[in-house]
Amino acid sequence: DGAITLVAARPSHGKTTLLTNLFLNQLRAHPGESFAFFSYEETRAALALNMINILAGETLSRAKNKYALKEYFTRFADAAGRPHPALDAAWKAFGEMVDAGRLLLFEESLDAEALAGLIVSMKRRDPRLRAVFIDYMQKIRWAGAQAPTRQVELQRISGRLLDAAKQANIPVVLAAQLGRPAKTSSAREDTRRGVRLDNLRESGDIEQDANVVLGLYNEAVDRAEDADGAPPAQDADQRLTVTVLKNRNGMTGFTVPLRFEPQTLRILPMARERL
């Protein structure tokens with residue numbers, strides 16, 4: 001409570017998907033509380049479809065599951081006219097959380113001051129508000145006096161959001177973008193260098209405002225980038241690794257391996273390993 005957590009990754013490594021899974025896990029774990037998700041990249045409709053996809057965990061098409069889901073919900077039957085109870089249940093569960101005011105989605109690109117003010121006012125209006133998720137840090141703009149550099153601007157944004165977290169006394173969880181590391185002679189070193197605090201893009205000192213920084217790495221995406229720039233195949237599970245880069249009140253440096261299902265957008269646990 002009253003703190004910032006950063007979920008950091010290079011582009012296309014899955015920071016939005018991890019943030020969305022964390023958001024839904026919290027909603028399911030705390031049925032009497034509400035959670036807000038602010039997206040600076042996707043529409044509310046796209047967010048809703050992604051969340052229903054995760055809740056259902058069902059694959060209609062291994063190549064184009066999101067398109068197949070969109071078609072399914074136009075008539076609540078697949079291309080062969082068959083219903084899918086898991087999809088229907090996910091649609092119902094999502095609608096119930098929205099109607100109850102527990103699942104709050106925002107697509108407006110608010111500046112830092114407007115965003116911080118809204119977080120505080122939402123908590124005052126609804127004491128059930130348990131946490132806020134924001135995708136993502138570098139998309140937020142500063143509307144106050146012009147900063148000399150983008151780095152300084154991000155420091156101001158981070159500080160304002162930390163103030164809002166403290167005033168509302170809730171966690172604020174932010175996705176953040178990592179820059180691509182310079183190549184070295186060691187492939188393993190390249191992997192670890194890609195998930196470091198000093199790779200936070202345009203970060204300045206924003207990691208200093210965070211209590212926790214989690215670094216996300218997708219090996220399949222990294223291999224595809226090195227090969228020909230094409231995205232990895234979407235019909236096979238991918239391995240993710242989350243590294244605890246900073247933890248003000250606990251351990252750092254250990255990793256948590258996770259399994260990512262590209263069709264359903266679900267991120268599932270695997271056994272923990274240590275560096």
# chains A, B, ... in the order shown; residues from 1 in each chain; ligands from 1
call {"tool": "residues_around", "arguments": {"residues": "Leu197 in chain A", "least_positions_apart": "4", "cutoff": "9 Å", "atoms": "only C-alpha atoms", "output": "list in words"}}
result
Ala8, Leu178, Ser203, Glu207, Val213, Gly215, Leu245 and Lys246 of chain A
call {"tool": "residues_around", "arguments": {"residues": "range 252-266 of chain A", "least_positions_apart": "5", "cutoff": "10 Å", "atoms": "only C-alpha atoms", "output": "number ranges by chain"}}
result
A: 14, 17-18, 20-21, 50-66, 212-218, 232-247, 271-275
call {"tool": "atom_distance", "arguments": {"atom1": "CA of Asp163 in chain A", "atom2": "CA of Leu129 in chain A"}}
result
16.6 Å
call {"tool": "select_by_dssp", "arguments": {"residues": "range 69-264 of chain A", "states": "strand (DSSP E or B)", "output": "JSON, numbers by chain"}}
result
{"A": [103, 104, 105, 106, 129, 130, 131, 132, 133, 134, 135, 172, 173, 174, 175, 176, 177, 178, 200, 210, 211, 212, 213, 214, 215, 216, 217, 218, 238, 239, 240, 241, 242, 243, 244, 245, 246, 247, 255, 256, 257, 258, 259, 260, 261]}
call {"tool": "residues_around", "arguments": {"residues": "range 109-118 of chain A", "least_positions_apart": "6", "cutoff": "12 Å", "atoms": "only C-alpha atoms", "output": "ChimeraX atom specification"}}
result
/A:36-44,124-126,132-145,153-168,172
call {"tool": "select_by_dssp", "arguments": {"residues": "range 7-177 of chain A", "states": "alpha helix (DSSP H)", "output": "PyMOL selection string"}}
result
chain A and resi 15-29+44-56+65-75+85-99+112-125+150-168
call {"tool": "atom_distance", "arguments": {"atom1": "CA of Arg10 in chain A", "atom2": "CA of Leu104 in chain A"}}
result
26.5 Å
call {"tool": "atom_distance", "arguments": {"atom1": "CA of Ala131 in chain A", "atom2": "CA of Thr5 in chain A"}}
result
10.9 Å
call {"tool": "decode", "arguments": {"residues": "range 100-156 of chain A", "atoms": "C-alpha atoms", "output": "PDB file, in the first residue's frame"}}
result
ATOM      1  CA  ALA A 100     -20.497  -4.579  -9.705  1.00  0.00           C
ATOM      2  CA  GLY A 101     -17.988  -1.746 -10.156  1.00  0.00           C
ATOM      3  CA  ARG A 102     -15.108  -4.074  -9.326  1.00  0.00           C
ATOM      4  CA  LEU A 103     -13.411  -4.100 -12.749  1.00  0.00           C
ATOM      5  CA  LEU A 104     -12.659  -0.587 -13.980  1.00  0.00           C
ATOM      6  CA  LEU A 105     -11.121  -0.012 -17.430  1.00  0.00           C
ATOM      7  CA  PHE A 106      -9.841   3.332 -18.743  1.00  0.00           C
ATOM      8  CA  GLU A 107      -8.571   4.084 -22.256  1.00  0.00           C
ATOM      9  CA  GLU A 108      -8.131   7.863 -21.946  1.00  0.00           C
ATOM     10  CA  SER A 109      -4.528   9.130 -22.266  1.00  0.00           C
ATOM     11  CA  LEU A 110      -4.532  11.265 -19.125  1.00  0.00           C
ATOM     12  CA  ASP A 111      -1.522  13.379 -18.225  1.00  0.00           C
ATOM     13  CA  ALA A 112       0.250  12.651 -14.949  1.00  0.00           C
ATOM     14  CA  GLU A 113      -1.590  15.265 -12.902  1.00  0.00           C
ATOM     15  CA  ALA A 114      -5.038  14.222 -14.172  1.00  0.00           C
ATOM     16  CA  LEU A 115      -4.200  10.545 -13.659  1.00  0.00           C
ATOM     17  CA  ALA A 116      -2.937  11.067 -10.103  1.00  0.00           C
ATOM     18  CA  GLY A 117      -5.973  13.190  -9.236  1.00  0.00           C
ATOM     19  CA  LEU A 118      -8.357  10.562 -10.595  1.00  0.00           C
ATOM     20  CA  ILE A 119      -6.683   7.782  -8.594  1.00  0.00           C
ATOM     21  CA  VAL A 120      -7.075   9.730  -5.351  1.00  0.00           C
ATOM     22  CA  SER A 121     -10.681  10.754  -6.089  1.00  0.00           C
ATOM     23  CA  MET A 122     -11.677   7.189  -7.043  1.00  0.00           C
ATOM     24  CA  LYS A 123     -10.378   5.901  -3.727  1.00  0.00           C
ATOM     25  CA  ARG A 124     -12.302   8.582  -1.842  1.00  0.00           C
ATOM     26  CA  ARG A 125     -15.518   7.682  -3.673  1.00  0.00           C
ATOM     27  CA  ASP A 126     -15.057   3.927  -3.394  1.00  0.00           C
ATOM     28  CA  PRO A 127     -13.117   2.564  -0.402  1.00  0.00           C
ATOM     29  CA  ARG A 128     -13.173  -0.849  -2.103  1.00  0.00           C
ATOM     30  CA  LEU A 129     -10.502   0.300  -4.597  1.00  0.00           C
ATOM     31  CA  ARG A 130      -7.583  -1.993  -3.813  1.00  0.00           C
ATOM     32  CA  ALA A 131      -4.980  -1.244  -6.505  1.00  0.00           C
ATOM     33  CA  VAL A 132      -4.366   0.576  -9.786  1.00  0.00           C
ATOM     34  CA  PHE A 133      -2.568  -0.889 -12.818  1.00  0.00           C
ATOM     35  CA  ILE A 134      -1.148   1.380 -15.544  1.00  0.00           C
ATOM     36  CA  ASP A 135       0.157   0.392 -18.994  1.00  0.00           C
ATOM     37  CA  TYR A 136       2.645   1.950 -19.384  1.00  0.00           C
ATOM     38  CA  MET A 137       5.014   4.455 -17.727  1.00  0.00           C
ATOM     39  CA  GLN A 138       6.723   5.977 -20.769  1.00  0.00           C
ATOM     40  CA  LYS A 139       3.372   6.767 -22.458  1.00  0.00           C
ATOM     41  CA  ILE A 140       2.291   9.141 -19.676  1.00  0.00           C
ATOM     42  CA  ARG A 141       2.868  12.827 -20.367  1.00  0.00           C
ATOM     43  CA  TRP A 142       3.623  15.759 -18.081  1.00  0.00           C
ATOM     44  CA  ALA A 143       1.327  18.766 -18.593  1.00  0.00           C
ATOM     45  CA  GLY A 144       3.037  21.120 -16.141  1.00  0.00           C
ATOM     46  CA  ALA A 145       6.052  23.363 -16.697  1.00  0.00           C
ATOM     47  CA  GLN A 146       8.187  22.016 -19.506  1.00  0.00           C
ATOM     48  CA  ALA A 147      10.974  19.726 -18.336  1.00  0.00           C
ATOM     49  CA  PRO A 148      14.474  20.210 -19.768  1.00  0.00           C
ATOM     50  CA  THR A 149      14.676  16.524 -20.769  1.00  0.00           C
ATOM     51  CA  ARG A 150      12.389  13.506 -21.072  1.00  0.00           C
ATOM     52  CA  GLN A 151      14.355  11.934 -18.231  1.00  0.00           C
ATOM     53  CA  VAL A 152      13.424  14.785 -15.885  1.00  0.00           C
ATOM     54  CA  GLU A 153       9.826  14.619 -17.129  1.00  0.00           C
ATOM     55  CA  LEU A 154       9.605  10.937 -16.214  1.00  0.00           C
ATOM     56  CA  GLN A 155      11.047  11.667 -12.777  1.00  0.00           C
ATOM     57  CA  ARG A 156       8.268  14.199 -12.214  1.00  0.00           C
TER      58      ARG A 156
END
